[in-house]
Each structure stands twice: as structure tokens, then as C-alpha cells.
Amino acid sequence: MLDFHHERARALLANATQIVTPTEVQAAVTSVADQLNARFAAPGATEFPLVLGVMGGAVVFTGTLLPQLAFPLDFDYIHVSRYGDDDRGGELVWKVIPRQNVAGRTILLVDDILDEGETLAHVKQRLLDMGAAEVMVVVFADKDLGRAKPITADLIGLSLPNKFVVGFGMDVYGYWRNLPGLWTIRPEDLKQAAPELAG
Ligand SMILES: O=P(O)(O)OC[C@H]1O[C@H](OP(=O)(O)OP(=O)(O)O)[C@H](O)[C@@H]1O
Ligand SMILES: Nc1nc2[nH]cnc2c(=O)[nH]1
């Protein structure tokens, strides 16, 4: 069983293409941090935002971003999944819902990728319904779909082409969240090989 996963993970990566280097990833995170510091660490700034990581994909971005933020903040997480172990989005499943501590707060909603936008649109609305004062959507990557999405991010680290990407928290069938750069998986290696992902 473990051999199966080991081989499958390696086979997926063997045919993958690196599209963003680890150095470029780090530069993108620092650019996001700088923009957040410009508002929240400015002289005289007194806001005390709640950074809310959207697990599991946001774990690496959040963990890299937090030490670069130079202002007092609160941290919590929620856990929601729409892709599960698939390469296509489906029904949104809540695993850890927001706590009541979101009421009245300025929230930095941090996620790895804004793709079709369904996840973050739903999460943002839920936070506003729970009384959040402001929800600022901060994503490491925004995928260029060439069409309108139900939500726009307030801060974006990188823009990506419309391909299934892996690394820096993003998985393919549960594998390779640990890659320090970003890779695209060969379309024919995806379960539901789709023309629009072939790019
Ligand atoms: O914009 P969308 O098309 O809704 O997709 C974006 C969401 O997809 C990923 O989560 P996923 O459901 O894969 O769960 P994960 O974070 O556990 O990987 C990612 O972390 C975003 O939350
Ligand atoms: N791993 C991964 N997860 C996603 N969730 C939404 N889009 C993507 C993507 O391109 N890759």
C-alpha cells in the first residue's frame, strides 16, 4: 500500500513541469507581506486583524507569510475542501467551521489558490454573515481562467495559467504539498483529463 503511494506520487512528478521556482515563490510571498505591512504596520496603525488560514492548502503559504508580518495579529484556521482527492472542484465540504471570534474583526482570509472562486466566495460570505467587520482575501496564486469569477482577491502573490498546479501547499491526489516551487501535472496524468487543463 505504501509502495503504491510512493510510486504513484513519483510517477506524477516525473512528467510534471516546473512553472515557478522556489525563489520566485518566496519573492511572491514577500511581496504579499510587504503590501500587508504597508497597511497594518504603518506608523500609527492600530488594527489587530485575525489571520484565518483556509486549511489544508493554505498551510505552507500561511506558515511562510506569518513570520514576515510586522504587526500584532491573531491567528486561527478553518478547514474546507471542494476538490478532495480530485483534480476538479465539486461540492464544498466544511471540516472546521469558523469560530465566533470572527465577529467584529478585520479578517485576512489566507488561501493558496483562487481558481474558480467558489471556495473563497462561500467562505467570505459565511464570515460576513457571522459579523466579520471586513474580510480581506489574500491568496498566494490567482488562476487566470479568462472569465469572471464570483470573487476577486484583494491581494495576490502570483497569477497562474489555467493548468492544474501542485506545490507550496497544493496537492495532486493528496501528494506533493511539500514542493517548494510550483509544477503543472501532465494533463493525461490527471484522472479527469480535460482539454481546458491541457492549455
Ligand atoms: O477557487 P476554487 O475553484 O473553489 O478552488 C480553490 C480551493 O481549492 C483548494 O482547496 P481544496 O478543495 O483542494 O482543498 P485543500 O485545501 O485541502 O487542498 C484551494 O486550497 C482553495 O481553497
Ligand atoms: N492542487 C491544486 N488545487 C487546486 N484547487 C483549485 N485549483 C487547484 C489547482 O490548480 N491545484
# chains A, B, ... in the order shown; residues from 1 in each chain; ligands from 1
$ residues_around --residues "A:Trp176" --least-positions-apart "4" --cutoff "9 Å" --atoms "only C-alpha atoms" --output "list in words"
Ala9, Leu13, Val166, Gly167, Phe168, Gly169, Met170, Asp171 and Val172 of chain A
$ residues_near_ligand --ligand "ligand 2" --cutoff "10 Å" --atoms "only C-alpha atoms and all ligand atoms" --output "number ranges by chain"
A: 57, 81-89, 112-119, 141-143, 160-177, 182-185, 197
$ residues_around --residues "A:Val137" --least-positions-apart "4" --cutoff "10 Å" --atoms "only C-alpha atoms" --output "PyMOL selection string"
chain A and resi 52+107-111+114+120-121+124+151-156
$ residues_around --residues "A:Val25" --least-positions-apart "5" --cutoff "9 Å" --atoms "only C-alpha atoms" --output "list in words"
Val20, Thr30, Phe140, Gly157, Leu158, Phe168, Pro180, Gly181 and Leu182 of chain A
$ select_by_dssp --residues "stretch 45-151 of chain A" --states "strand (DSSP E)" --output "PyMOL selection string"
chain A and resi 50-55+74-81+93-96+106-114+134-143
$ closest_residue --among "A:Pro22, A:Leu12, A:Asn101, A:Thr64" --to "A:Pro187" --atoms "only C-alpha atoms"
A:Leu12
$ closest_residue --among "A:Ala14, A:Leu179, A:Val32, A:Val59" --to "A:Val138" --atoms "only C-alpha atoms"
A:Val32
$ closest_residue --among "A:Leu92, A:Val54, A:Ala45, A:Val29" --to "A:Leu66" --atoms "only C-alpha atoms"
A:Val29
$ decode --residues "stretch 31-154 of chain A" --atoms "C-alpha atoms" --output "compact mmCIF listing (two decimals), in the first residue's frame"
# COMPACT_ATOMS: atom_id res chain seq x y z
CA SER A 31 5.55 40.90 -1.95
CA VAL A 32 2.27 39.97 -0.26
CA ALA A 33 3.83 40.53 3.18
CA ASP A 34 5.13 43.96 2.13
CA GLN A 35 1.68 45.01 0.98
CA LEU A 36 0.07 43.84 4.21
CA ASN A 37 2.77 45.59 6.26
CA ALA A 38 2.16 48.79 4.30
CA ARG A 39 -1.33 48.92 5.78
CA PHE A 40 -1.16 47.14 9.12
CA ALA A 41 2.40 48.02 10.20
CA ALA A 42 2.26 51.64 9.04
CA PRO A 43 3.16 54.29 11.63
CA GLY A 44 0.11 54.89 13.81
CA ALA A 45 -1.74 51.77 12.59
CA THR A 46 -3.71 50.21 15.41
CA GLU A 47 -5.72 47.44 13.72
CA PHE A 48 -5.43 43.97 15.20
CA PRO A 49 -6.51 41.64 12.37
CA LEU A 50 -7.38 37.98 12.57
CA VAL A 51 -5.40 35.93 10.07
CA LEU A 52 -7.57 32.99 9.06
CA GLY A 53 -5.85 30.23 7.13
CA VAL A 54 -8.02 28.04 4.87
CA MET A 55 -6.69 24.55 5.50
CA GLY A 56 -5.30 22.39 4.20
CA GLY A 57 -3.82 24.09 1.10
CA ALA A 58 -3.00 27.36 2.86
CA VAL A 59 -0.75 25.71 5.42
CA VAL A 60 2.54 26.41 3.63
CA PHE A 61 1.67 29.91 2.42
CA THR A 62 0.36 30.89 5.85
CA GLY A 63 3.39 29.43 7.60
CA THR A 64 5.74 31.32 5.27
CA LEU A 65 3.79 34.58 5.40
CA LEU A 66 3.22 34.91 9.14
CA PRO A 67 6.87 35.45 10.17
CA GLN A 68 7.10 38.26 7.61
CA LEU A 69 4.18 40.21 9.06
CA ALA A 70 5.41 43.03 11.28
CA PHE A 71 2.24 43.92 13.19
CA PRO A 72 0.24 42.42 16.05
CA LEU A 73 -2.25 39.84 14.85
CA ASP A 74 -4.41 36.95 15.90
CA PHE A 75 -4.31 33.58 14.10
CA ASP A 76 -6.91 30.90 13.57
CA TYR A 77 -7.85 28.47 10.83
CA ILE A 78 -10.83 26.98 9.11
CA HIS A 79 -10.85 23.80 7.04
CA VAL A 80 -12.89 23.48 3.90
CA SER A 81 -12.45 21.36 0.81
CA ARG A 82 -14.05 21.37 -2.64
CA TYR A 83 -11.59 19.23 -4.56
CA GLY A 84 -10.89 16.49 -2.00
CA ASP A 85 -8.58 14.00 -3.70
CA ASP A 86 -9.77 15.05 -7.13
CA ASP A 87 -8.50 17.45 -9.79
CA ARG A 88 -11.94 19.01 -10.34
CA GLY A 89 -13.95 21.10 -7.89
CA GLY A 90 -17.16 19.64 -6.52
CA GLU A 91 -19.38 20.21 -3.52
CA LEU A 92 -17.87 22.31 -0.78
CA VAL A 93 -17.32 20.33 2.43
CA TRP A 94 -16.76 22.09 5.78
CA LYS A 95 -14.39 20.23 8.11
CA VAL A 96 -13.72 23.02 10.63
CA ILE A 97 -16.17 25.93 10.63
CA PRO A 98 -15.28 29.50 11.66
CA ARG A 99 -15.41 30.23 15.37
CA GLN A 100 -17.44 33.06 16.85
CA ASN A 101 -14.20 35.05 17.30
CA VAL A 102 -14.65 36.32 13.72
CA ALA A 103 -17.45 38.71 14.75
CA GLY A 104 -16.44 42.36 14.55
CA ARG A 105 -12.93 41.57 13.27
CA THR A 106 -10.89 42.59 10.26
CA ILE A 107 -10.06 39.20 8.77
CA LEU A 108 -7.17 38.37 6.49
CA LEU A 109 -8.53 35.29 4.77
CA VAL A 110 -5.45 33.45 3.52
CA ASP A 111 -5.54 30.69 0.92
CA ASP A 112 -3.16 29.10 -1.53
CA ILE A 113 -5.15 29.49 -4.74
CA LEU A 114 -8.18 31.23 -6.14
CA ASP A 115 -9.28 29.06 -9.05
CA GLU A 116 -13.00 29.11 -9.90
CA GLY A 117 -13.51 31.22 -6.77
CA GLU A 118 -16.32 29.10 -5.36
CA THR A 119 -14.47 28.27 -2.14
CA LEU A 120 -13.46 31.78 -1.15
CA ALA A 121 -16.74 33.35 -2.26
CA HIS A 122 -18.60 30.94 0.03
CA VAL A 123 -16.17 31.35 2.93
CA LYS A 124 -16.15 35.14 2.71
CA GLN A 125 -19.94 35.29 2.72
CA ARG A 126 -20.10 32.98 5.72
CA LEU A 127 -17.66 35.20 7.64
CA LEU A 128 -19.66 38.33 6.78
CA ASP A 129 -22.86 36.56 7.84
CA MET A 130 -21.17 35.81 11.17
CA GLY A 131 -20.49 39.52 11.68
CA ALA A 132 -16.93 39.99 10.41
CA ALA A 133 -16.27 43.73 10.00
CA GLU A 134 -14.06 43.30 6.93
CA VAL A 135 -12.77 40.30 5.01
CA MET A 136 -9.59 40.87 3.04
CA VAL A 137 -8.92 37.97 0.67
CA VAL A 138 -5.21 37.19 0.41
CA VAL A 139 -4.15 34.44 -1.99
CA PHE A 140 -0.78 33.13 -2.96
CA ALA A 141 -1.95 32.45 -6.51
CA ASP A 142 -4.82 33.52 -8.75
CA LYS A 143 -5.53 31.28 -11.73
CA ASP A 144 -6.28 33.09 -14.98
CA LEU A 145 -9.44 31.42 -16.28
CA GLY A 146 -10.17 34.09 -18.86
CA ARG A 147 -13.62 34.64 -17.39
CA ALA A 148 -15.25 36.37 -14.44
CA LYS A 149 -15.22 34.73 -11.01
CA PRO A 150 -17.65 35.08 -8.10
CA ILE A 151 -14.95 36.76 -6.03
CA THR A 152 -11.83 38.88 -6.56
CA ALA A 153 -8.83 38.65 -4.25
CA ASP A 154 -7.63 41.81 -2.53
